[in-house]
Structure formats: structure tokens, C-alpha cells
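Written out below as C-alpha cells is the structure these notes cover.
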Amino acid sequence: MPELPEVETTRRGIQPYVLQKKLERVIIRQPMLRWPIADELPLKITGQKITQLTRRGKYILFGFRNGTLLLHLGMSGSLRLVAKNTQPGKHDHVDFVLSSKILRFTDPRRFGSILWTEQDPMQHKLLNHLGPEPLEETFSTEYLYKKSRHRKTPIKNFIMDSKIVVGIGNIYANEALFLTGIRPTLLAGKVSKTKYQLLIKNIRLVLSQAIQQGGTTLQDFVGGDGNPGYFKQQLKVYGRAGEPCVNCKKPLKEIRLGQRSTVYCSHCQR
DNA sequence: CGGACTCCCTGCCGGC
DNA sequence: TGCCGGCAGGGAGTCC
């Protein structure tokens, strides 16, 4: 399940091989992703140079002179650089053939998406409603506190809402709430300004640590044989239900919130 | 508008 | 050992 750190790590990893490079060919083996890949896509981008490579939330944006390719990894997607003679596997749905390598999109569960737009990408309907980037200044205590007033949704759902702030998936929502000592079920409208200030700090901490760690496994993306890893080794609550809390040693609890697995310490999180 | 819920897909895990 | 049911999960879409 790629979260923002994996997406950003992917973007940084592929950047040197992609930016200002010409796309020689696009091979689509399976167009049925979350939405079907537009028939016109190869026609639009074959032979074109990739002039920009940016990220908005968990979307990676490939900028061309004539438009933008929006790519989302869904929950099982990945982008890897592989040698040109590499045979595709079962779930290798799309190849972007560059001059020296292939940028290969793999996605077993096909929750990912690849879209083409010729308008300003930020005005695209998948991007135009998105909240601020969690690592940027606009994601401030003042902003989050104001947005949260009178909200009756649990704090965990609130910070996972992309209209509020982008890029906080289930894993890091669990982790940030643990670090801040906030119970995931607490209603967003009931969280104090002081706690929001601390929560923002911890969201940035877990995300930036994971991005930093991702940097050390960058060769996985360019080498093509490793997996990017989910930074599991340093997770304090996610995937640890029933195991002792790292602070108080009491067993961690697991509940479902918004259909998502939610793990917390009933002693340390109030 | 907010909040609750559904659905897309398939690898994996537990139960028998 | 093999089969099968159920689960996980990002996030758009729908409904009230």
C-alpha cells in the first residue's frame, strides 16, 4: 500500500531517468485499471519529451508539452525502472519505453489509475478539491483547527480525508495519532488546538522519516529487484494489534474505523 | 454541506 | 494437501 512517502520516493527515484527524456513507446497490456486507460494516450505521448515530474497528494504527474499524465499507484501499484530486455510479468500492465530503460507500471489489484488531461492538471476533477500538502506551510495549526470545528467525524477519518489534507493513509494516520497520544475515535471537533499543533508536527515527522528511509532503498526502484518496503520496522502501532505498547507495554487494541484497521493504545491515547 | 457506506480487484491467510 | 471464504485497502461515487 503505497503511502505518500513511497510515492515521493518513487518520484525521486525515477526522476533522473525520466525528466527531459523522450518517451519512445507506450505498451499497454492491461488498460482496465481503476478507470480504463484512454485509447488516445499512446497517440498523445509517444515521441514526446517528459518536461516535468511532480507530485500532488499520491498522484504522480508526468508533464508533457501537450498535456499531463496523472498516475496513481492505488494500493498495490509500483513503478520500476527495468532493463529493456526484461520480460513482463503477470501484473506488469504498462511499459513506458525510454531511451535506455523501461519505466514499468505493475499493479496486481488494479486499484491504480493512469489518466490523460490537456487542461491545467490542478483543475482536473481528481485534483481540484484536494487539501494542502502535509509537508507544506499551508497545512497549519490554524487551518486544521478551523476546519475541525463542529466536525463529528473521528479524528482518524478527519486526517485521512484528502479534502482536509492529502497523503495521510491508514498506516501513518495510526502512527501519528499514537505519537500524539490522541485516541483515533475522538471526534475531530473535540481535539484541542494544542493537540492539533502536536499532531501536525508528528504527521510531518512520520512522513519525512519514511521519505528519508525510502531514500536509502532507492536502488530498489532503479534496480528493479527489491521491493520498496513499507518501513514496517519502525511502525509503533500499525500491524501490531495485541502486541505490547512500546511505551506502557499494555497490549495494543484494534478496532475498525471507516472500514479501516485501527490500532491504538487505550492507556497512552486518550 | 457532512457523514456513512459501497465498490473496484486479487494475493494471502486461516479454517476445514 | 487443496479448496474456499473472507479480508485488506485508496479513494471516488452515491445516498440521505
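Quick note on naming: the chains in the C-alpha cells go A, B, ... in the order shown, residues restart at 1 in each chain, and ligands are numbered from 1 in order of appearance.
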Practice problem: Run DSSP on the backbone and grab whatever in segment 101-255 of chain A lands in strand (DSSP E or B); send it over as an MDAnalysis selection string. | Solution: chainID A and resid 102:106 113:117 154 187 244 251 253:255
Go ahead and save the picked residues with N, CA and C atoms, as a PDB file, in the first residue's frame.
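After the write, part.pdb holds the following:
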ATOM      1  N   ILE A 102      13.105   0.887 -19.399  1.00  0.00           N
ATOM      2  CA  ILE A 102      11.646   0.870 -19.405  1.00  0.00           C
ATOM      3  C   ILE A 102      11.163   1.272 -18.017  1.00  0.00           C
ATOM      4  N   LEU A 103      10.218   2.208 -17.988  1.00  0.00           N
ATOM      5  CA  LEU A 103       9.532   2.531 -16.741  1.00  0.00           C
ATOM      6  C   LEU A 103       8.277   1.663 -16.724  1.00  0.00           C
ATOM      7  N   ARG A 104       8.257   0.704 -15.805  1.00  0.00           N
ATOM      8  CA  ARG A 104       7.213  -0.323 -15.828  1.00  0.00           C
ATOM      9  C   ARG A 104       6.206  -0.143 -14.711  1.00  0.00           C
ATOM     10  N   PHE A 105       4.928  -0.087 -15.058  1.00  0.00           N
ATOM     11  CA  PHE A 105       3.839   0.035 -14.076  1.00  0.00           C
ATOM     12  C   PHE A 105       3.279  -1.343 -13.779  1.00  0.00           C
ATOM     13  N   THR A 106       3.360  -1.721 -12.520  1.00  0.00           N
ATOM     14  CA  THR A 106       2.876  -3.023 -12.057  1.00  0.00           C
ATOM     15  C   THR A 106       1.795  -2.792 -11.014  1.00  0.00           C
ATOM     16  N   SER A 113      -4.408   4.049 -11.229  1.00  0.00           N
ATOM     17  CA  SER A 113      -5.021   4.681 -12.400  1.00  0.00           C
ATOM     18  C   SER A 113      -3.989   5.467 -13.196  1.00  0.00           C
ATOM     19  N   ILE A 114      -4.240   5.532 -14.500  1.00  0.00           N
ATOM     20  CA  ILE A 114      -3.404   6.311 -15.416  1.00  0.00           C
ATOM     21  C   ILE A 114      -4.354   7.113 -16.302  1.00  0.00           C
ATOM     22  N   LEU A 115      -4.278   8.436 -16.162  1.00  0.00           N
ATOM     23  CA  LEU A 115      -5.211   9.313 -16.864  1.00  0.00           C
ATOM     24  C   LEU A 115      -4.463  10.364 -17.663  1.00  0.00           C
ATOM     25  N   TRP A 116      -5.114  10.845 -18.701  1.00  0.00           N
ATOM     26  CA  TRP A 116      -4.530  11.885 -19.558  1.00  0.00           C
ATOM     27  C   TRP A 116      -5.401  13.124 -19.506  1.00  0.00           C
ATOM     28  N   THR A 117      -4.777  14.269 -19.290  1.00  0.00           N
ATOM     29  CA  THR A 117      -5.556  15.515 -19.316  1.00  0.00           C
ATOM     30  C   THR A 117      -4.789  16.603 -20.062  1.00  0.00           C
ATOM     31  N   PRO A 154     -14.613  10.983  13.501  1.00  0.00           N
ATOM     32  CA  PRO A 154     -13.433  10.655  14.320  1.00  0.00           C
ATOM     33  C   PRO A 154     -12.168  11.303  13.745  1.00  0.00           C
ATOM     34  N   LEU A 187     -13.665  12.660  18.492  1.00  0.00           N
ATOM     35  CA  LEU A 187     -14.232  13.445  17.402  1.00  0.00           C
ATOM     36  C   LEU A 187     -13.325  14.643  17.076  1.00  0.00           C
ATOM     37  N   PRO A 244       2.626  -5.611  22.758  1.00  0.00           N
ATOM     38  CA  PRO A 244       2.745  -4.575  23.792  1.00  0.00           C
ATOM     39  C   PRO A 244       3.051  -3.185  23.227  1.00  0.00           C
ATOM     40  N   PRO A 251      -1.202  -4.389  25.981  1.00  0.00           N
ATOM     41  CA  PRO A 251      -1.479  -4.846  24.603  1.00  0.00           C
ATOM     42  C   PRO A 251      -2.244  -3.798  23.795  1.00  0.00           C
ATOM     43  N   LYS A 253      -4.814  -2.261  21.112  1.00  0.00           N
ATOM     44  CA  LYS A 253      -6.162  -2.648  20.698  1.00  0.00           C
ATOM     45  C   LYS A 253      -6.352  -2.416  19.209  1.00  0.00           C
ATOM     46  N   GLU A 254      -7.281  -3.170  18.639  1.00  0.00           N
ATOM     47  CA  GLU A 254      -7.613  -2.978  17.224  1.00  0.00           C
ATOM     48  C   GLU A 254      -9.123  -2.836  17.065  1.00  0.00           C
ATOM     49  N   ILE A 255      -9.541  -1.788  16.354  1.00  0.00           N
ATOM     50  CA  ILE A 255     -10.949  -1.581  16.021  1.00  0.00           C
ATOM     51  C   ILE A 255     -11.042  -1.239  14.533  1.00  0.00           C
TER      52      ILE A 255
END
Practice problem: Please identify every residue of chain A that has at least one atom no more than 8 Å from any atom of chain B, counting only C-alpha atoms (C1' of nucleotides), and report them as an MDAnalysis selection string. | Solution: chainID A and resid 34 108:111 153
Practice problem: Kindly determine which residues of chain A lie within 9 Å of chain C, considering only C-alpha atoms (C1' of nucleotides), and give the answer as a PyMOL selection string. | Solution: chain A and resi 1+74-75+111-112+126+162+169-170+259-261
Go ahead and write the residues just picked, all heavy atoms, as a PDB file, in the first residue's frame.
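Saved result, result23.pdb, follows:
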ATOM      1  N   MET A   1       0.839  -1.200   0.000  1.00  0.00           N
ATOM      2  CA  MET A   1       0.000   0.000   0.000  1.00  0.00           C
ATOM      3  C   MET A   1       0.870   1.245   0.000  1.00  0.00           C
ATOM      4  O   MET A   1       1.315   1.693   1.051  1.00  0.00           O
ATOM      5  CB  MET A   1      -0.936  -0.008   1.199  1.00  0.00           C
ATOM      6  CG  MET A   1      -0.254  -0.230   2.513  1.00  0.00           C
ATOM      7  SD  MET A   1      -0.890  -1.481   3.570  1.00  0.00           S
ATOM      8  CE  MET A   1      -0.175  -2.958   2.863  1.00  0.00           C
ATOM      9  N   GLY A  74      -2.630   3.451  -6.469  1.00  0.00           N
ATOM     10  CA  GLY A  74      -3.650   2.672  -5.784  1.00  0.00           C
ATOM     11  C   GLY A  74      -3.087   2.067  -4.529  1.00  0.00           C
ATOM     12  O   GLY A  74      -2.356   2.731  -3.797  1.00  0.00           O
ATOM     13  N   MET A  75      -3.380   0.809  -4.270  1.00  0.00           N
ATOM     14  CA  MET A  75      -2.805   0.228  -3.064  1.00  0.00           C
ATOM     15  C   MET A  75      -1.780  -0.848  -3.332  1.00  0.00           C
ATOM     16  O   MET A  75      -1.084  -1.281  -2.421  1.00  0.00           O
ATOM     17  CB  MET A  75      -3.877  -0.274  -2.131  1.00  0.00           C
ATOM     18  CG  MET A  75      -4.698  -1.378  -2.690  1.00  0.00           C
ATOM     19  SD  MET A  75      -5.552  -2.191  -1.383  1.00  0.00           S
ATOM     20  CE  MET A  75      -4.167  -2.986  -0.584  1.00  0.00           C
ATOM     21  N   PHE A 111      -6.026  -1.170  -8.518  1.00  0.00           N
ATOM     22  CA  PHE A 111      -6.708  -0.010  -7.939  1.00  0.00           C
ATOM     23  C   PHE A 111      -6.046   1.271  -8.417  1.00  0.00           C
ATOM     24  O   PHE A 111      -6.510   2.362  -8.142  1.00  0.00           O
ATOM     25  CB  PHE A 111      -6.609  -0.045  -6.404  1.00  0.00           C
ATOM     26  CG  PHE A 111      -7.662  -0.869  -5.744  1.00  0.00           C
ATOM     27  CD1 PHE A 111      -8.189  -1.992  -6.370  1.00  0.00           C
ATOM     28  CD2 PHE A 111      -8.127  -0.537  -4.492  1.00  0.00           C
ATOM     29  CE1 PHE A 111      -9.152  -2.753  -5.749  1.00  0.00           C
ATOM     30  CE2 PHE A 111      -9.095  -1.298  -3.857  1.00  0.00           C
ATOM     31  CZ  PHE A 111      -9.601  -2.410  -4.486  1.00  0.00           C
ATOM     32  N   GLY A 112      -4.944   1.126  -9.091  1.00  0.00           N
ATOM     33  CA  GLY A 112      -4.213   2.294  -9.588  1.00  0.00           C
ATOM     34  C   GLY A 112      -4.920   2.912 -10.780  1.00  0.00           C
ATOM     35  O   GLY A 112      -5.920   2.392 -11.279  1.00  0.00           O
ATOM     36  N   LEU A 126      -9.968  15.272 -10.275  1.00  0.00           N
ATOM     37  CA  LEU A 126      -9.385  14.432  -9.221  1.00  0.00           C
ATOM     38  C   LEU A 126      -8.421  15.218  -8.325  1.00  0.00           C
ATOM     39  O   LEU A 126      -8.058  14.766  -7.243  1.00  0.00           O
ATOM     40  CB  LEU A 126      -8.628  13.250  -9.837  1.00  0.00           C
ATOM     41  CG  LEU A 126      -9.494  12.227 -10.579  1.00  0.00           C
ATOM     42  CD1 LEU A 126      -8.620  11.139 -11.174  1.00  0.00           C
ATOM     43  CD2 LEU A 126     -10.538  11.637  -9.646  1.00  0.00           C
ATOM     44  N   SER A 162      -8.889  13.500   2.162  1.00  0.00           N
ATOM     45  CA  SER A 162      -7.997  14.244   1.260  1.00  0.00           C
ATOM     46  C   SER A 162      -8.474  15.667   0.993  1.00  0.00           C
ATOM     47  O   SER A 162      -7.712  16.492   0.506  1.00  0.00           O
ATOM     48  CB  SER A 162      -7.820  13.487  -0.056  1.00  0.00           C
ATOM     49  OG  SER A 162      -9.045  13.412  -0.740  1.00  0.00           O
ATOM     50  N   GLY A 169      -2.382   8.215   4.696  1.00  0.00           N
ATOM     51  CA  GLY A 169      -3.084   6.946   4.580  1.00  0.00           C
ATOM     52  C   GLY A 169      -3.233   6.287   5.935  1.00  0.00           C
ATOM     53  O   GLY A 169      -2.858   6.852   6.970  1.00  0.00           O
ATOM     54  N   ASN A 170      -3.766   5.099   5.901  1.00  0.00           N
ATOM     55  CA  ASN A 170      -4.101   4.397   7.132  1.00  0.00           C
ATOM     56  C   ASN A 170      -2.900   4.179   8.055  1.00  0.00           C
ATOM     57  O   ASN A 170      -2.983   4.394   9.261  1.00  0.00           O
ATOM     58  CB  ASN A 170      -4.747   3.057   6.769  1.00  0.00           C
ATOM     59  CG  ASN A 170      -5.460   2.449   7.943  1.00  0.00           C
ATOM     60  OD1 ASN A 170      -6.076   3.138   8.754  1.00  0.00           O
ATOM     61  ND2 ASN A 170      -5.350   1.143   8.072  1.00  0.00           N
ATOM     62  N   GLN A 259     -14.085   1.474   7.877  1.00  0.00           N
ATOM     63  CA  GLN A 259     -13.692   0.223   7.192  1.00  0.00           C
ATOM     64  C   GLN A 259     -12.194  -0.032   7.245  1.00  0.00           C
ATOM     65  O   GLN A 259     -11.700  -0.905   6.546  1.00  0.00           O
ATOM     66  CB  GLN A 259     -14.125   0.194   5.718  1.00  0.00           C
ATOM     67  CG  GLN A 259     -15.410   0.899   5.376  1.00  0.00           C
ATOM     68  CD  GLN A 259     -16.631   0.126   5.787  1.00  0.00           C
ATOM     69  OE1 GLN A 259     -17.034   0.130   6.942  1.00  0.00           O
ATOM     70  NE2 GLN A 259     -17.245  -0.548   4.827  1.00  0.00           N
ATOM     71  N   ARG A 260     -11.460   0.751   8.054  1.00  0.00           N
ATOM     72  CA  ARG A 260     -10.008   0.585   8.075  1.00  0.00           C
ATOM     73  C   ARG A 260      -9.536   0.071   9.432  1.00  0.00           C
ATOM     74  O   ARG A 260     -10.069   0.466  10.468  1.00  0.00           O
ATOM     75  CB  ARG A 260      -9.306   1.924   7.794  1.00  0.00           C
ATOM     76  CG  ARG A 260      -9.566   2.505   6.419  1.00  0.00           C
ATOM     77  CD  ARG A 260      -8.975   1.641   5.329  1.00  0.00           C
ATOM     78  NE  ARG A 260      -9.211   2.178   4.007  1.00  0.00           N
ATOM     79  CZ  ARG A 260     -10.271   1.906   3.250  1.00  0.00           C
ATOM     80  NH1 ARG A 260     -11.214   1.101   3.692  1.00  0.00           N
ATOM     81  NH2 ARG A 260     -10.389   2.431   2.048  1.00  0.00           N
ATOM     82  N   SER A 261      -8.537  -0.770   9.370  1.00  0.00           N
ATOM     83  CA  SER A 261      -7.931  -1.301  10.578  1.00  0.00           C
ATOM     84  C   SER A 261      -7.294  -0.166  11.384  1.00  0.00           C
ATOM     85  O   SER A 261      -6.523   0.627  10.858  1.00  0.00           O
ATOM     86  CB  SER A 261      -6.873  -2.337  10.181  1.00  0.00           C
ATOM     87  OG  SER A 261      -6.018  -2.573  11.272  1.00  0.00           O
TER      88      SER A 261
END
Self-check item: For atom CA of Gly89 of chain A and atom CA of Gln30 of chain A, the interatomic separation in Å (one decimal)
Solution: 11.8 Å
Exercise. List the neighbours of Pro134 of chain A out to 9 Å using only C-alpha atoms (C1' of nucleotides); skip same-chain residues closer than 2 positions along the sequence, and give me the result as a PyMOL selection string.
Key: chain A and resi 57+131-132+136-140+165-168+200+203-204+207
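Note that the spacing between atom CA of Leu186 of chain A and atom CA of Ile155 of chain A amounts to 5.7 Å.
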Exercise. Enumerate the residues of segment 17-173 of chain A with a DSSP assignment of helix (DSSP H, G or I), computed from the backbone, and present them as a PyMOL selection string.
Key: chain A and resi 17-18+41-45+121-123+141-148+155-159+170-173
Would you put the residues from that selection into a file with N, CA and C atoms, as a compact mmCIF listing (two decimals), in the first residue's frame?
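Final output, again.txt:
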# COMPACT_ATOMS: atom_id res chain seq x y z
N TYR A 17 15.89 9.36 -14.66
CA TYR A 17 15.74 8.55 -15.87
C TYR A 17 14.60 9.03 -16.76
N VAL A 18 13.81 9.95 -16.22
CA VAL A 18 12.55 10.33 -16.86
C VAL A 18 12.54 11.78 -17.33
N LEU A 41 -4.19 7.70 -25.37
CA LEU A 41 -2.96 8.01 -24.62
C LEU A 41 -1.67 7.77 -25.40
N PRO A 42 -1.45 6.57 -25.98
CA PRO A 42 -0.19 6.35 -26.70
C PRO A 42 0.03 7.37 -27.83
N LEU A 43 -1.06 7.66 -28.54
CA LEU A 43 -1.01 8.64 -29.63
C LEU A 43 -0.54 10.00 -29.14
N LYS A 44 -1.02 10.37 -27.95
CA LYS A 44 -0.73 11.69 -27.41
C LYS A 44 0.71 11.83 -26.92
N ILE A 45 1.28 10.78 -26.35
CA ILE A 45 2.58 10.95 -25.68
C ILE A 45 3.76 10.26 -26.35
N PRO A 121 -3.56 20.61 -14.96
CA PRO A 121 -3.82 19.40 -14.15
C PRO A 121 -4.41 19.69 -12.78
N MET A 122 -4.07 20.81 -12.20
CA MET A 122 -4.59 21.15 -10.87
C MET A 122 -6.10 21.45 -10.92
N GLN A 123 -6.61 21.69 -12.14
CA GLN A 123 -8.05 21.92 -12.29
C GLN A 123 -8.79 20.63 -12.62
N THR A 141 -1.58 24.75 11.97
CA THR A 141 -2.43 24.52 13.14
C THR A 141 -3.74 25.29 12.99
N GLU A 142 -3.59 26.55 12.59
CA GLU A 142 -4.76 27.42 12.42
C GLU A 142 -5.76 26.82 11.43
N TYR A 143 -5.23 26.38 10.29
CA TYR A 143 -6.05 25.79 9.23
C TYR A 143 -6.78 24.55 9.74
N LEU A 144 -6.02 23.63 10.32
CA LEU A 144 -6.60 22.34 10.73
C LEU A 144 -7.62 22.53 11.86
N TYR A 145 -7.29 23.41 12.79
CA TYR A 145 -8.18 23.67 13.91
C TYR A 145 -9.52 24.25 13.41
N LYS A 146 -9.43 25.23 12.54
CA LYS A 146 -10.65 25.84 11.99
C LYS A 146 -11.51 24.83 11.24
N LYS A 147 -10.86 24.05 10.40
CA LYS A 147 -11.58 23.03 9.61
C LYS A 147 -12.28 22.00 10.49
N SER A 148 -11.70 21.76 11.67
CA SER A 148 -12.20 20.69 12.52
C SER A 148 -13.38 21.08 13.39
N ILE A 155 -11.28 11.70 14.63
CA ILE A 155 -10.05 12.39 14.22
C ILE A 155 -9.27 11.61 13.17
N LYS A 156 -9.29 10.28 13.28
CA LYS A 156 -8.52 9.49 12.31
C LYS A 156 -9.11 9.64 10.91
N ASN A 157 -10.44 9.54 10.79
CA ASN A 157 -11.07 9.75 9.49
C ASN A 157 -10.80 11.16 8.97
N PHE A 158 -10.84 12.10 9.90
CA PHE A 158 -10.64 13.51 9.55
C PHE A 158 -9.28 13.75 8.88
N ILE A 159 -8.23 13.21 9.48
CA ILE A 159 -6.89 13.46 8.90
C ILE A 159 -6.62 12.59 7.67
N ASN A 170 -3.77 5.10 5.90
CA ASN A 170 -4.10 4.40 7.13
C ASN A 170 -2.90 4.18 8.05
N ILE A 171 -1.78 3.77 7.49
CA ILE A 171 -0.60 3.46 8.31
C ILE A 171 -0.14 4.68 9.10
N TYR A 172 0.05 5.79 8.39
CA TYR A 172 0.63 6.96 9.05
C TYR A 172 -0.39 7.70 9.90
N ALA A 173 -1.68 7.55 9.62
CA ALA A 173 -2.70 8.11 10.50
C ALA A 173 -2.62 7.41 11.86
Quiz item: Contacts of His124 of chain A at 12 Å or less, counting only C-alpha atoms (C1' of nucleotides), minus same-chain residues fewer than 2 places along, as an MDAnalysis selection string?
Solution: chainID A and resid 56 59 61 67:70 115:122 126:130
Written selection (C-alpha atoms) as a compact mmCIF listing (two decimals), in the first residue's frame:
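Below is the file that was written, again-v5.txt:
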# COMPACT_ATOMS: atom_id res chain seq x y z
CA ARG A 56 0.17 16.14 -5.77
CA TYR A 59 -0.70 11.33 -7.69
CA LEU A 61 2.22 13.98 -12.64
CA GLY A 67 -0.79 17.70 -21.55
CA THR A 68 -0.29 15.78 -18.32
CA LEU A 69 -0.35 12.11 -17.45
CA LEU A 70 -1.79 11.54 -13.97
CA LEU A 115 -5.21 9.31 -16.86
CA TRP A 116 -4.53 11.89 -19.56
CA THR A 117 -5.56 15.51 -19.32
CA GLU A 118 -4.90 18.51 -21.51
CA GLN A 119 -6.26 21.09 -19.10
CA ASP A 120 -4.32 22.60 -16.19
CA PRO A 121 -3.82 19.40 -14.15
CA MET A 122 -4.59 21.15 -10.87
CA LEU A 126 -9.38 14.43 -9.22
CA LEU A 127 -7.05 17.18 -8.02
CA ASN A 128 -9.06 20.37 -7.76
CA HIS A 129 -10.72 19.55 -4.44
CA LEU A 130 -7.57 18.37 -2.64
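The space separating atom CA of Gln269 of chain A from atom CA of Leu252 of chain A comes to 10.5 Å.
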